[in-house]
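Enquirer: Sharing a structure below in C-alpha cells format, with a few things to ask.
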Amino acid sequence: PRGASVRWADLTDEEQTARLVADVAPEVIIHLAAVIPPTIYKARALARRVNVDATATLVRIAEAQPTPPRFVQASSNAVYGARNPHKATGPVTADMPMKRSDLYSAHKGEAEAIVRASSLEWVVLRLGGVLSVDPKAIPFNADALYFESLLPTDCRMHSVDVRDVAWAFAAATTADVAREILLIAGDDSHRLLYGDITPALAAARGLKGGLAPGRKGNPNDDDAWFVTDWMDTTRAQEALAFQHYSWQDMIDEASRNAGPSKYVLPVVAPLIRAILKRRGAYWKQPGQYADPWGAIKRKFGDPSPDS
C-alpha cells in the first residue's frame, strides 16, 4: 500500500530483530509471525523458535526502547483447547481458562503469557477461523487437503473475513483497549459447523458436490475434537468496529471471483470427489468418528505440547 515500506528480518535472530526495531522506532508493533497447523506438527523445533522464543525476544527488545511501543499480539481461539460442542456451553469468552490440547494451543498460550507479563502496553487479539474470498489465497496441496479432511464435521467454527481481521489489527493500534484480550471473529452469521464451511466455499467456486464427506466427532470424548469454537465478539466489536463482511457476503464474493473455473469444475466434480476421498485422513481407517489427533500423528507428526 502507498506509504508502506518493507524491511526484512529474521525474528529468530536477536541481533537482526534489535537492529530492525531500533532503526524503525515503531509506535506500535503488530506481531503476526507464527507457524500454524498443519506445518507446526511437522516442524516442532522451528515452531517453538518462531511462536515462543521470537515473541519473547521481540517483547524484550520492545521493552528496552526509549519509548516502548504498544504491542498487539496475534493469538488464536485455539488457546481454549479441544472443544466438544455436545458438552461445551455457549461461546468462548476472554476470561475463560486456557487449555493446552496440542502444540499450537500450547504455543499460543505461552506466547500470550509472555506478552501479558511484560511492562508494555499490550493488546491480545484471539482470532477465529480466518478465511479469504481470493481463490489464490487458499492453499490447494496434499497437506492442506488432508488436514481439512481430518477435522470433525460437527465441530463449531467461527469464521471471519481476512479483511475484517486486518481492520481489527489496525484499529487496535490506537483504540482504548490497552491490556485487553479481544476475540476477533465475524458476526453471528459466521457461527458455523466445520462441515458446512468448506462445501459452501467449494460450491461458490463451482465445485458443488466435489468434496468427500468427513466424519463427525465423538460426543463422548472431550479430547477428540479440534481447538476451535464459537466466540463472544461483543467487546471486540464495540471497541474496534471491525465486522463488515457477513458469511453470505463472503460466499457471494467468492462466487464472483471464481471466474471461468466456475463453469468447468462442475464437470469434473465427481472425479475430484473420488480423488479427495482416497487422499482423505480416514480413507480405510476403522471407526465411525473423527480422530483428529490420530490423523495428524499419522501424516504430520506428534501434535502434543512440547512443554
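Quick note on naming: the chains in the C-alpha cells go A, B, ... in the order shown, residues restart at 1 in each chain, and ligands are numbered from 1 in order of appearance.
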Residues near Asp249 of chain A, anyone? I mean within 12 Å using only C-alpha atoms, not counting same-chain ones fewer than 3 positions away, as a PyMOL selection string.

Expert: chain A and resi 132-133+160-161+186-187+189-190+201+204+243-246+252-256

Enquirer: Take the residues from that selection and write them out as a PDB file, in the first residue's frame, keeping N, CA and C atoms.

Expert:
ATOM      1  N   SER A 132     -10.494 -16.176   3.273  1.00  0.00           N
ATOM      2  CA  SER A 132     -10.395 -15.167   2.218  1.00  0.00           C
ATOM      3  C   SER A 132     -11.284 -15.558   1.049  1.00  0.00           C
ATOM      4  N   VAL A 133     -11.805 -14.553   0.352  1.00  0.00           N
ATOM      5  CA  VAL A 133     -12.600 -14.814  -0.857  1.00  0.00           C
ATOM      6  C   VAL A 133     -11.720 -14.895  -2.096  1.00  0.00           C
ATOM      7  N   VAL A 160     -14.150 -15.691   9.908  1.00  0.00           N
ATOM      8  CA  VAL A 160     -14.045 -14.234   9.793  1.00  0.00           C
ATOM      9  C   VAL A 160     -13.291 -13.912   8.513  1.00  0.00           C
ATOM     10  N   ASP A 161     -13.743 -12.882   7.815  1.00  0.00           N
ATOM     11  CA  ASP A 161     -13.068 -12.437   6.600  1.00  0.00           C
ATOM     12  C   ASP A 161     -11.719 -11.822   6.965  1.00  0.00           C
ATOM     13  N   GLY A 186     -16.173 -13.168  12.917  1.00  0.00           N
ATOM     14  CA  GLY A 186     -17.231 -12.478  12.200  1.00  0.00           C
ATOM     15  C   GLY A 186     -18.504 -12.322  13.016  1.00  0.00           C
ATOM     16  N   ASP A 187     -19.521 -11.713  12.390  1.00  0.00           N
ATOM     17  CA  ASP A 187     -20.804 -11.558  13.065  1.00  0.00           C
ATOM     18  C   ASP A 187     -21.460 -12.928  13.255  1.00  0.00           C
ATOM     19  N   SER A 189     -23.544 -14.587  11.714  1.00  0.00           N
ATOM     20  CA  SER A 189     -23.701 -15.443  10.533  1.00  0.00           C
ATOM     21  C   SER A 189     -22.488 -16.327  10.307  1.00  0.00           C
ATOM     22  N   HIS A 190     -21.376 -15.992  10.958  1.00  0.00           N
ATOM     23  CA  HIS A 190     -20.142 -16.766  10.821  1.00  0.00           C
ATOM     24  C   HIS A 190     -20.041 -17.892  11.851  1.00  0.00           C
ATOM     25  N   LEU A 201     -17.885 -22.951   0.399  1.00  0.00           N
ATOM     26  CA  LEU A 201     -16.859 -22.229  -0.353  1.00  0.00           C
ATOM     27  C   LEU A 201     -16.550 -22.937  -1.666  1.00  0.00           C
ATOM     28  N   ALA A 204     -19.331 -22.307  -4.114  1.00  0.00           N
ATOM     29  CA  ALA A 204     -19.285 -20.939  -4.632  1.00  0.00           C
ATOM     30  C   ALA A 204     -18.303 -20.813  -5.786  1.00  0.00           C
ATOM     31  N   GLN A 243     -16.353  -5.684  12.137  1.00  0.00           N
ATOM     32  CA  GLN A 243     -17.156  -6.678  11.417  1.00  0.00           C
ATOM     33  C   GLN A 243     -17.916  -6.028  10.259  1.00  0.00           C
ATOM     34  N   HIS A 244     -17.455  -6.299   9.039  1.00  0.00           N
ATOM     35  CA  HIS A 244     -18.068  -5.691   7.861  1.00  0.00           C
ATOM     36  C   HIS A 244     -18.620  -6.715   6.870  1.00  0.00           C
ATOM     37  N   TYR A 245     -18.077  -7.922   6.864  1.00  0.00           N
ATOM     38  CA  TYR A 245     -18.447  -8.923   5.862  1.00  0.00           C
ATOM     39  C   TYR A 245     -19.152 -10.100   6.524  1.00  0.00           C
ATOM     40  N   SER A 246     -20.411 -10.306   6.164  1.00  0.00           N
ATOM     41  CA  SER A 246     -21.150 -11.460   6.672  1.00  0.00           C
ATOM     42  C   SER A 246     -20.694 -12.718   5.933  1.00  0.00           C
ATOM     43  N   ASP A 252     -20.992 -14.886  -1.677  1.00  0.00           N
ATOM     44  CA  ASP A 252     -21.351 -14.189  -2.918  1.00  0.00           C
ATOM     45  C   ASP A 252     -20.110 -13.663  -3.630  1.00  0.00           C
ATOM     46  N   GLU A 253     -19.183 -13.096  -2.872  1.00  0.00           N
ATOM     47  CA  GLU A 253     -17.977 -12.548  -3.493  1.00  0.00           C
ATOM     48  C   GLU A 253     -17.067 -13.657  -4.003  1.00  0.00           C
ATOM     49  N   ALA A 254     -16.987 -14.759  -3.269  1.00  0.00           N
ATOM     50  CA  ALA A 254     -16.184 -15.893  -3.729  1.00  0.00           C
ATOM     51  C   ALA A 254     -16.714 -16.409  -5.059  1.00  0.00           C
ATOM     52  N   SER A 255     -18.026 -16.425  -5.200  1.00  0.00           N
ATOM     53  CA  SER A 255     -18.630 -16.869  -6.454  1.00  0.00           C
ATOM     54  C   SER A 255     -18.288 -15.916  -7.594  1.00  0.00           C
ATOM     55  N   ARG A 256     -18.342 -14.615  -7.313  1.00  0.00           N
ATOM     56  CA  ARG A 256     -18.000 -13.633  -8.352  1.00  0.00           C
ATOM     57  C   ARG A 256     -16.531 -13.723  -8.744  1.00  0.00           C
TER      58      ARG A 256
END

Enquirer: For Trp293 of chain A, find every residue with an atom within 10 Å (counting only C-alpha atoms), except residues of its own chain fewer than 2 positions away, and show them as a PyMOL selection string.

Expert: chain A and resi 101-102+150-151+223-226+290-291+295-298+301-304

Enquirer: Keeping N, CA and C atoms for every residue in the selection just given, could you write it to a file as a short mmCIF file (atom, residue, chain, number, x, y, z; two decimals), in the first residue's frame?

Expert:
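The resulting again-v6.cif:
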data_model
loop_
_atom_site.label_atom_id
_atom_site.label_comp_id
_atom_site.auth_asym_id
_atom_site.auth_seq_id
_atom_site.Cartn_x
_atom_site.Cartn_y
_atom_site.Cartn_z
N SER A 101 -4.22 -28.36 24.50
CA SER A 101 -4.62 -29.63 23.90
C SER A 101 -3.64 -30.14 22.86
N ASP A 102 -2.87 -29.24 22.28
CA ASP A 102 -1.92 -29.63 21.25
C ASP A 102 -0.78 -28.62 21.22
N LEU A 150 -9.57 -34.07 8.08
CA LEU A 150 -9.49 -34.75 9.38
C LEU A 150 -10.32 -34.07 10.48
N LEU A 151 -10.73 -32.83 10.26
CA LEU A 151 -11.46 -32.10 11.29
C LEU A 151 -12.89 -32.63 11.42
N ASP A 223 -11.70 -34.87 24.39
CA ASP A 223 -10.37 -34.57 23.85
C ASP A 223 -10.26 -34.84 22.36
N ALA A 224 -11.23 -35.53 21.78
CA ALA A 224 -11.15 -35.93 20.38
C ALA A 224 -11.77 -34.90 19.44
N TRP A 225 -11.50 -33.63 19.75
CA TRP A 225 -12.02 -32.52 18.96
C TRP A 225 -10.89 -31.55 18.66
N PHE A 226 -11.10 -30.69 17.68
CA PHE A 226 -10.04 -29.74 17.35
C PHE A 226 -10.21 -28.48 18.21
N ALA A 290 -14.47 -39.04 13.88
CA ALA A 290 -13.20 -38.38 13.56
C ALA A 290 -12.22 -38.55 14.71
N ASP A 291 -10.96 -38.68 14.37
CA ASP A 291 -9.87 -38.78 15.35
C ASP A 291 -8.78 -37.80 14.91
N ALA A 295 -5.08 -38.70 13.31
CA ALA A 295 -4.87 -38.42 11.89
C ALA A 295 -3.68 -37.49 11.68
N ILE A 296 -3.54 -36.51 12.56
CA ILE A 296 -2.39 -35.60 12.48
C ILE A 296 -1.10 -36.36 12.71
N LYS A 297 -1.09 -37.24 13.70
CA LYS A 297 0.12 -38.00 14.01
C LYS A 297 0.53 -38.90 12.86
N ARG A 298 -0.44 -39.50 12.17
CA ARG A 298 -0.12 -40.39 11.04
C ARG A 298 0.54 -39.63 9.89
N GLY A 301 3.09 -35.73 12.29
CA GLY A 301 3.98 -35.89 13.43
C GLY A 301 3.23 -35.69 14.74
N ASP A 302 3.97 -35.72 15.82
CA ASP A 302 3.41 -35.62 17.16
C ASP A 302 2.73 -34.27 17.37
N PRO A 303 1.42 -34.24 17.66
CA PRO A 303 0.74 -32.96 17.87
C PRO A 303 0.74 -32.48 19.32
N SER A 304 1.31 -33.25 20.23
CA SER A 304 1.19 -32.93 21.65
C SER A 304 2.05 -31.72 22.02
#

Enquirer: What are the closest atom pairs, with distances in Å to one decimal, for all residues of segment 35-83 of chain A lying within 8 Å of segment 13-26 of chain A? Consider only C-alpha atoms, order rows by chain and residue number, and present the result as a tab-separated table.

Expert:
residue	atom	partner	partner_atom	distance
A:Ala54	CA	A:Asp13	CA	7.9
A:Thr57	CA	A:Glu14	CA	6.4
A:Leu58	CA	A:Thr17	CA	6.9
A:Ile61	CA	A:Ala18	CA	6.1
A:Ala62	CA	A:Val21	CA	7.4
A:Gln65	CA	A:Ala22	CA	7.5
A:Pro69	CA	A:Pro26	CA	6.2

Enquirer: When DSSP works through the backbone of this structure, what residues of segment 108-175 of chain A end up as strand (DSSP E), shown as an MDAnalysis selection string?

Expert: chainID A and resid 122:127 129:131 156:161

Enquirer: List every residue of segment 2-248 of chain A that DSSP, applied to the backbone of this structure, assigns to helix (DSSP H, G or I), and report them as JSON, numbers by chain.

Expert: {"A": [14, 15, 16, 17, 18, 19, 20, 21, 22, 23, 24, 39, 40, 41, 42, 44, 45, 46, 47, 48, 49, 50, 51, 52, 53, 54, 55, 56, 57, 58, 59, 60, 61, 62, 63, 77, 78, 79, 80, 103, 104, 105, 106, 107, 108, 109, 110, 111, 112, 113, 114, 115, 116, 135, 136, 137, 142, 143, 144, 145, 146, 147, 148, 149, 150, 162, 163, 164, 165, 166, 167, 168, 169, 170, 171, 172, 188, 189, 190, 194, 195, 196, 197, 198, 199, 200, 201, 202, 203, 204, 234, 235, 236, 237, 238, 239, 240, 247, 248]}

Enquirer: Considering only C-alpha atoms, can you say which of A:Ala4, A:Ala236, A:Val35, A:Leu145 comes closest to Ser105 of chain A?

Expert: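 Comparing A:Ala4, A:Ala236, A:Val35, A:Leu145 against Ser105 of chain A, the winner is A:Val35.
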
Enquirer: For a quick check of understanding, using only C-alpha atoms, which of A:Arg60, A:Arg191, A:Arg156, A:Arg70 has the smallest distance to Val28 of chain A?

Expert: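 Result for the nearest residue to Val28 of chain A: A:Arg70.
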
Enquirer: Restricting the calculation to only C-alpha atoms: of A:Arg163, A:Arg116, A:Phe71, A:Leu103, which residue gets closest to Phe242 of chain A?

Expert: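 Of A:Arg163, A:Arg116, A:Phe71, A:Leu103, the one nearest Phe242 of chain A is A:Arg163, counting only C-alpha atoms.
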
Enquirer: Hey, what's within 10 Å of Thr173 of chain A if we count only C-alpha atoms and toss same-chain stuff fewer than 2 positions away? As an MDAnalysis selection string, please?

Expert: chainID A and resid 27:30 69:72 122:123 168:171 175:178 240

Enquirer: Distance atom CA of Tyr289 of chain A-atom CA of Thr198 of chain A, one decimal place?

Expert: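 Here the two named atoms are 18.8 Å from each other.
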
Enquirer: Give me the residues of segment 158-250 of chain A that have any atom at most 8 Å from an atom of segment 75-80 of chain A; for each, the nearest atom pair and the distance in Å, rounded to one decimal. Use only C-alpha atoms, sort by chain and number, and format it as JSON lines.

Expert:
{"residue": "A:Leu183", "atom": "CA", "partner": "A:Asn77", "partner_atom": "CA", "distance": 7.7}
{"residue": "A:Val227", "atom": "CA", "partner": "A:Ala78", "partner_atom": "CA", "distance": 4.7}
{"residue": "A:Thr228", "atom": "CA", "partner": "A:Ala78", "partner_atom": "CA", "distance": 5.7}
{"residue": "A:Asp229", "atom": "CA", "partner": "A:Asn77", "partner_atom": "CA", "distance": 7.4}
{"residue": "A:Met231", "atom": "CA", "partner": "A:Asn77", "partner_atom": "CA", "distance": 7.9}
